[in-house]
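Here is upload.pdb, consisting of PDB, C-alpha atoms:
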ATOM      1  CA  ALA A   1     -15.531 -14.977  -3.774
ATOM      2  CA  GLU A   2     -17.841 -13.452  -6.321
ATOM      3  CA  TYR A   3     -16.819 -14.078  -9.918
ATOM      4  CA  MET A   4     -16.278 -10.962 -11.993
ATOM      5  CA  GLY A   5     -16.979 -11.443 -15.685
ATOM      6  CA  ASP A   6     -14.867  -9.927 -18.451
ATOM      7  CA  ALA A   7     -17.339  -7.072 -19.056
ATOM      8  CA  GLN A   8     -17.382  -6.177 -15.346
ATOM      9  CA  ARG A   9     -13.594  -6.364 -15.164
ATOM     10  CA  LEU A  10     -13.213  -4.053 -18.193
ATOM     11  CA  LYS A  11     -15.714  -1.588 -16.711
ATOM     12  CA  LEU A  12     -13.847  -1.599 -13.392
ATOM     13  CA  ARG A  13     -10.516  -1.065 -15.172
ATOM     14  CA  GLN A  14     -11.987   1.902 -17.052
ATOM     15  CA  THR A  15     -13.402   3.363 -13.818
ATOM     16  CA  VAL A  16      -9.969   3.120 -12.177
ATOM     17  CA  VAL A  17      -8.294   4.738 -15.202
ATOM     18  CA  ASP A  18     -10.963   7.485 -15.218
ATOM     19  CA  HIS A  19      -9.834   8.302 -11.660
ATOM     20  CA  GLY A  20      -6.333   9.013 -13.003
ATOM     21  CA  VAL A  21      -4.726   5.752 -11.891
ATOM     22  CA  ALA A  22      -2.118   4.209 -14.208
ATOM     23  CA  LEU A  23      -2.805   0.520 -14.692
ATOM     24  CA  VAL A  24      -0.176  -1.814 -16.085
ATOM     25  CA  ASP A  25      -0.218  -5.543 -16.747
ATOM     26  CA  LYS A  26       2.822  -6.610 -14.771
ATOM     27  CA  SER A  27       4.522  -9.930 -15.213
ATOM     28  CA  GLY A  28       5.489 -12.280 -12.439
ATOM     29  CA  PRO A  29       3.560 -13.907  -9.644
ATOM     30  CA  LEU A  30       0.560 -12.310  -8.003
ATOM     31  CA  LEU A  31       0.823 -11.341  -4.358
ATOM     32  CA  GLU A  32      -0.523 -14.131  -2.182
ATOM     33  CA  LEU A  33      -3.271 -12.974   0.130
ATOM     34  CA  PRO A  34      -4.648 -14.569   3.268
ATOM     35  CA  GLU A  35      -7.614 -16.818   2.483
ATOM     36  CA  THR A  36      -9.954 -14.451   4.335
ATOM     37  CA  SER A  37      -9.049 -11.568   2.020
ATOM     38  CA  ALA A  38      -8.952 -13.363  -1.328
ATOM     39  CA  ASP A  39     -12.251 -11.801  -2.432
ATOM     40  CA  ALA A  40     -11.236  -8.211  -1.605
ATOM     41  CA  GLN A  41     -11.297  -5.968  -4.639
ATOM     42  CA  VAL A  42     -11.322  -2.330  -5.622
ATOM     43  CA  PHE A  43     -14.789  -0.816  -6.040
ATOM     44  CA  GLU A  44     -16.397   2.571  -6.590
ATOM     45  CA  ASP A  45     -19.043   3.644  -4.099
ATOM     46  CA  ALA A  46     -22.200   5.654  -4.840
ATOM     47  CA  THR A  47     -20.345   8.946  -4.279
ATOM     48  CA  GLY A  48     -17.612   8.120  -6.801
ATOM     49  CA  VAL A  49     -14.921   7.250  -4.241
ATOM     50  CA  LEU A  50     -12.701   4.283  -5.061
ATOM     51  CA  HIS A  51     -12.086   1.801  -2.240
ATOM     52  CA  TRP A  52      -8.881  -0.259  -2.438
ATOM     53  CA  PRO A  53      -7.553  -3.407  -0.808
ATOM     54  CA  VAL A  54      -4.117  -2.600   0.626
ATOM     55  CA  VAL A  55      -1.167  -4.650   1.794
ATOM     56  CA  VAL A  56       1.249  -2.933   4.184
ATOM     57  CA  LEU A  57       4.740  -4.457   4.132
ATOM     58  CA  TYR A  58       7.142  -4.157   7.069
ATOM     59  CA  PRO A  59      10.451  -5.189   5.482
ATOM     60  CA  GLN A  60      12.369  -4.991   8.761
ATOM     61  CA  PHE A  61      10.328  -7.905  10.098
ATOM     62  CA  GLY A  62       9.108  -9.686   6.962
ATOM     63  CA  SER A  63       5.575  -9.018   8.163
ATOM     64  CA  THR A  64       2.417  -7.617   6.571
ATOM     65  CA  ASP A  65      -0.952  -6.120   7.401
ATOM     66  CA  PHE A  66      -3.989  -6.264   5.142
ATOM     67  CA  VAL A  67      -6.627  -3.531   4.875
ATOM     68  CA  ARG A  68      -9.675  -4.721   2.955
ATOM     69  CA  ASP A  69     -11.184  -1.296   2.237
ATOM     70  CA  LEU A  70      -9.240   1.971   2.119
ATOM     71  CA  PRO A  71     -11.130   4.818   0.418
ATOM     72  CA  ASP A  72      -9.021   6.924  -1.918
ATOM     73  CA  SER A  73     -10.215   9.985   0.015
ATOM     74  CA  ALA A  74      -8.246   8.745   3.060
ATOM     75  CA  SER A  75      -4.737   9.994   3.704
ATOM     76  CA  LEU A  76      -1.742   7.711   3.987
ATOM     77  CA  LEU A  77      -1.576   8.827   7.632
ATOM     78  CA  ASP A  78      -5.099   7.401   8.028
ATOM     79  CA  LEU A  79      -3.697   4.106   6.728
ATOM     80  CA  LEU A  80      -0.784   4.225   9.198
ATOM     81  CA  ASN A  81      -3.170   5.070  12.050
ATOM     82  CA  ALA A  82      -5.355   2.094  11.111
ATOM     83  CA  VAL A  83      -2.553  -0.479  11.035
ATOM     84  CA  LEU A  84      -0.427   0.977  13.859
ATOM     85  CA  ASP A  85      -3.251   2.134  16.144
ATOM     86  CA  PRO A  86      -1.703   2.960  19.543
ATOM     87  CA  SER A  87      -4.959   2.064  21.307
ATOM     88  CA  LEU A  88      -4.564  -1.545  20.141
ATOM     89  CA  PRO A  89      -1.990  -4.077  21.336
ATOM     90  CA  ALA A  90       1.360  -3.748  19.579
ATOM     91  CA  ALA A  91       2.357  -6.144  16.822
ATOM     92  CA  SER A  92       4.383  -9.109  18.049
ATOM     93  CA  TRP A  93       7.457  -7.747  16.241
ATOM     94  CA  GLU A  94       7.292  -4.231  17.756
ATOM     95  CA  PRO A  95      10.664  -3.623  19.514
ATOM     96  CA  CYS A  96       9.118  -1.386  22.215
ATOM     97  CA  PRO A  97       5.477  -2.445  22.724
ATOM     98  CA  GLU A  98       4.816  -0.460  25.909
ATOM     99  CA  PRO A  99       4.146   2.311  26.547
ATOM    100  CA  ALA A 100       2.311   2.875  23.265
ATOM    101  CA  ALA A 101       3.659   6.442  23.014
ATOM    102  CA  GLN A 102       7.217   5.059  22.766
ATOM    103  CA  ARG A 103       6.613   2.423  20.088
ATOM    104  CA  VAL A 104       9.246   2.381  17.373
ATOM    105  CA  TYR A 105       6.481   1.751  14.832
ATOM    106  CA  ALA A 106       4.144   4.593  15.832
ATOM    107  CA  PRO A 107       2.404   6.332  12.894
ATOM    108  CA  ALA A 108       4.281   9.619  13.407
ATOM    109  CA  ARG A 109       7.639   7.785  13.363
ATOM    110  CA  CYS A 110       7.053   5.861  10.156
ATOM    111  CA  GLN A 111       7.904   6.546   6.557
ATOM    112  CA  ILE A 112       5.698   5.097   3.851
ATOM    113  CA  PHE A 113       6.951   4.073   0.401
ATOM    114  CA  TYR A 114       5.467   2.853  -2.877
ATOM    115  CA  GLU A 115       7.363   0.663  -5.308
ATOM    116  CA  LEU A 116       7.922   2.224  -8.722
ATOM    117  CA  ALA A 117       9.003   0.276 -11.779
ATOM    118  CA  ASP A 118      11.360   2.115 -14.102
ATOM    119  CA  GLY A 119      11.871   0.767 -17.575
ATOM    120  CA  THR A 120      15.510   0.452 -18.510
ATOM    121  CA  SER A 121      17.031   0.505 -21.975
ATOM    122  CA  SER A 122      17.240  -3.297 -21.958
ATOM    123  CA  GLY A 123      13.496  -3.503 -21.413
ATOM    124  CA  SER A 124      13.876  -5.081 -17.990
ATOM    125  CA  GLN A 125      12.414  -3.449 -14.927
ATOM    126  CA  ALA A 126      14.534  -1.883 -12.203
ATOM    127  CA  THR A 127      12.743  -1.217  -8.936
ATOM    128  CA  ARG A 128      12.927   1.845  -6.736
ATOM    129  CA  LEU A 129      10.831   3.083  -3.855
ATOM    130  CA  LEU A 130       9.178   6.494  -3.702
ATOM    131  CA  ARG A 131       8.891   8.006  -0.224
ATOM    132  CA  LEU A 132       5.417   9.443   0.216
ATOM    133  CA  ARG A 133       4.019  12.253   2.342
ATOM    134  CA  PRO A 134       1.686  10.722   4.950
ATOM    135  CA  GLN A 135      -0.691  13.711   4.672
ATOM    136  CA  ARG A 136      -1.265  13.025   0.945
ATOM    137  CA  SER A 137      -4.574  11.416   0.024
ATOM    138  CA  LEU A 138      -4.567   7.980  -1.516
ATOM    139  CA  ALA A 139      -6.202   9.431  -4.658
ATOM    140  CA  ASP A 140      -3.392  12.007  -5.054
ATOM    141  CA  THR A 141      -0.759   9.348  -4.357
ATOM    142  CA  LEU A 142      -2.117   7.114  -7.097
ATOM    143  CA  ARG A 143      -1.864   9.993  -9.592
ATOM    144  CA  LEU A 144       1.842  10.641  -8.934
ATOM    145  CA  PRO A 145       4.175  10.146 -11.914
ATOM    146  CA  GLY A 146       5.554   6.615 -11.986
ATOM    147  CA  VAL A 147       2.927   5.154  -9.663
ATOM    148  CA  GLN A 148       1.332   2.176 -11.369
ATOM    149  CA  VAL A 149      -1.112  -0.457 -10.197
ATOM    150  CA  ASP A 150      -0.989  -4.045 -11.431
ATOM    151  CA  ALA A 151      -4.184  -4.417 -13.470
ATOM    152  CA  ARG A 152      -4.268  -8.172 -12.868
ATOM    153  CA  GLN A 153      -4.831  -7.865  -9.121
ATOM    154  CA  MET A 154      -5.621  -4.159  -8.503
ATOM    155  CA  LEU A 155      -4.139  -4.319  -5.047
ATOM    156  CA  LEU A 156      -2.022  -1.580  -3.462
ATOM    157  CA  CYS A 157       1.208  -2.375  -1.598
ATOM    158  CA  PHE A 158       2.942   0.122   0.658
ATOM    159  CA  TRP A 159       6.269  -0.356   2.452
ATOM    160  CA  VAL A 160       6.459   1.018   6.002
ATOM    161  CA  VAL A 161       9.735   1.620   7.834
ATOM    162  CA  SER A 162      10.289   3.442  11.119
ATOM    163  CA  SER A 163      12.829   6.245  11.103
ATOM    164  CA  HIS A 164      13.399   5.315  14.783
ATOM    165  CA  ALA A 165      14.778   1.917  13.766
ATOM    166  CA  ALA A 166      17.926   3.856  12.887
ATOM    167  CA  GLU A 167      20.252   1.120  11.625
ATOM    168  CA  PHE A 168      17.616  -0.685   9.569
ATOM    169  CA  TYR A 169      16.214   2.617   8.260
ATOM    170  CA  ALA A 170      19.646   3.768   7.038
ATOM    171  CA  ASP A 171      20.319   0.408   5.357
ATOM    172  CA  PHE A 172      16.847   0.443   3.807
ATOM    173  CA  LEU A 173      17.367   3.890   2.309
ATOM    174  CA  ASP A 174      20.760   2.864   0.911
ATOM    175  CA  LYS A 175      19.198  -0.017  -1.022
TER     176      LYS A 175
END

Final structure tokens representation of the file:
Amino acid sequence: AEYMGDAQRLKLRQTVVDHGVALVDKSGPLLELPETSADAQVFEDATGVLHWPVVVLYPQFGSTDFVRDLPDSASLLDLLNAVLDPSLPAASWEPCPEPAAQRVYAPARCQIFYELADGTSSGSQATRLLRLRPQRSLADTLRLPGVQVDARQMLLCFWVVSSHAAEFYADFLDK
């Protein structure tokens, strides 16, 4: 992994903020990444588009996917299509792997969420999830009120749940 000096890190932080993204120094452990993705980081390309590393969480199965480079011009549906591509073999946890058109975790059947941290009067952080529109661009998503990115890691995490996994989906929404 390439070392990023303090000056480079500050410049990158400012670039991200200039794009309208709220950065916050969160406490707690950093998200552990696979060794092959440890050097993935947000960057701005020559056209001014930010590219983000993204973790997709599937809470029903305790599983994840990692996307090294998602441009902020992409939609969240583009993200779902990349990780749940029906032309690729189904994930090992997919309840209905074949035929691909009937997969429980098909992009059109999934809801995507982002974790928001709400400050409470005691100063502690309560967590809630914001359901997102899949057609929304990543750039617009990152500008939504309450959406914050941990400045320490600058990694995006989205939760994906299938509305066709009825019992789990209902329980998930209740929590």

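Distances from A:Lys175, A:Arg143, A:Arg152, A:Arg131 to Ala22 in chain A were compared using all atoms listed in the file, and the smallest one belongs to A:Arg143.
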
Q.
Would you compute the distance between CA of Glu115 in chain A and CA of Glu44 in chain A? Give it in Å to one decimal.
A. 23.9 Å

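If you measure from each of A:Gln135, A:Ser27, A:Gly48, A:Phe168 to Thr15 in chain A using all atoms listed in the file, the closest one turns out to be A:Gly48.
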
Q. Quick one: residues within 12 Å of Trp159 in chain A, all atoms listed in the file counted, chain neighbours fewer than 4 positions away excluded, as a PyMOL selection string?
A. chain A and resi 54-65+76+79-80+110-116+128-132+169+172-173

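If you look at CA of Val42 in chain A and CA of Met154 in chain A, they are 6.6 Å away from each other.
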
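Residues captured in this structure file are Leu80, Asn81, Ala82, Val83, Leu84, Asp85, Ser87, Leu88, Pro89, Ala90, Ala91, Glu94, Cys96, Pro97, Glu98, Pro99, Ala100, Ala101, Gln102, Arg103, Val104, Tyr105, Ala106, Pro107 and Ala108 of chain A, according to the PyMOL selection byres ((chain A and resi 86) around 12).
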
Would you put the residues from that selection into a file with C-alpha atoms, as a PDB file, keeping the file's coordinate frame?
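So part.pdb came out as:
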ATOM      1  CA  LEU A  80      -0.784   4.225   9.198  1.00  0.00           C
ATOM      2  CA  ASN A  81      -3.170   5.070  12.050  1.00  0.00           C
ATOM      3  CA  ALA A  82      -5.355   2.094  11.111  1.00  0.00           C
ATOM      4  CA  VAL A  83      -2.553  -0.479  11.035  1.00  0.00           C
ATOM      5  CA  LEU A  84      -0.427   0.977  13.859  1.00  0.00           C
ATOM      6  CA  ASP A  85      -3.251   2.134  16.144  1.00  0.00           C
ATOM      7  CA  SER A  87      -4.959   2.064  21.307  1.00  0.00           C
ATOM      8  CA  LEU A  88      -4.564  -1.545  20.141  1.00  0.00           C
ATOM      9  CA  PRO A  89      -1.990  -4.077  21.336  1.00  0.00           C
ATOM     10  CA  ALA A  90       1.360  -3.748  19.579  1.00  0.00           C
ATOM     11  CA  ALA A  91       2.357  -6.144  16.822  1.00  0.00           C
ATOM     12  CA  GLU A  94       7.292  -4.231  17.756  1.00  0.00           C
ATOM     13  CA  CYS A  96       9.118  -1.386  22.215  1.00  0.00           C
ATOM     14  CA  PRO A  97       5.477  -2.445  22.724  1.00  0.00           C
ATOM     15  CA  GLU A  98       4.816  -0.460  25.909  1.00  0.00           C
ATOM     16  CA  PRO A  99       4.146   2.311  26.547  1.00  0.00           C
ATOM     17  CA  ALA A 100       2.311   2.875  23.265  1.00  0.00           C
ATOM     18  CA  ALA A 101       3.659   6.442  23.014  1.00  0.00           C
ATOM     19  CA  GLN A 102       7.217   5.059  22.766  1.00  0.00           C
ATOM     20  CA  ARG A 103       6.613   2.423  20.088  1.00  0.00           C
ATOM     21  CA  VAL A 104       9.246   2.381  17.373  1.00  0.00           C
ATOM     22  CA  TYR A 105       6.481   1.751  14.832  1.00  0.00           C
ATOM     23  CA  ALA A 106       4.144   4.593  15.832  1.00  0.00           C
ATOM     24  CA  PRO A 107       2.404   6.332  12.894  1.00  0.00           C
ATOM     25  CA  ALA A 108       4.281   9.619  13.407  1.00  0.00           C
TER      26      ALA A 108
END

(Q) Evaluate the PyMOL selection byres ((chain A and resi 144) around 10) against this structure - the residues, as a VMD selection string, please. (A) chain A and resid 20 to 22 130 132 139 to 143 145 to 148

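In terms of minimum interatomic distance to Arg136 in chain A, A:Leu77 ranks closest within A:Val161, A:Val16, A:Leu77, A:Leu31, counting only C-alpha atoms.
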
Q) For this file, the PyMOL selection byres ((chain A and resi 53) around 9) selects which residues, as a PyMOL selection string? A) chain A and resi 37+40-42+51-52+54-55+66-70+154-157

Once you have the residues from the selection above, write them out as a compact mmCIF listing (two decimals), in the coordinates of the input, restricted to C-alpha atoms.
# COMPACT_ATOMS: atom_id res chain seq x y z
CA SER A 37 -9.05 -11.57 2.02
CA ALA A 40 -11.24 -8.21 -1.60
CA GLN A 41 -11.30 -5.97 -4.64
CA VAL A 42 -11.32 -2.33 -5.62
CA HIS A 51 -12.09 1.80 -2.24
CA TRP A 52 -8.88 -0.26 -2.44
CA VAL A 54 -4.12 -2.60 0.63
CA VAL A 55 -1.17 -4.65 1.79
CA PHE A 66 -3.99 -6.26 5.14
CA VAL A 67 -6.63 -3.53 4.88
CA ARG A 68 -9.68 -4.72 2.96
CA ASP A 69 -11.18 -1.30 2.24
CA LEU A 70 -9.24 1.97 2.12
CA MET A 154 -5.62 -4.16 -8.50
CA LEU A 155 -4.14 -4.32 -5.05
CA LEU A 156 -2.02 -1.58 -3.46
CA CYS A 157 1.21 -2.38 -1.60

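From CA of Asp72 in chain A back to CA of Ser162 in chain A, the distance works out to 23.6 Å.
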
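Considering the residues A:Asp174, A:Trp93, A:Ser163, A:Ala151 and counting only C-alpha atoms, Asp25 in chain A has its shortest atom-to-atom contact with A:Ala151.
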
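Compared by their closest atoms to Pro71 in chain A, and using only C-alpha atoms, the residues A:Leu12, A:Leu138, A:Ala165, A:Pro29 rank with A:Leu138 nearest.
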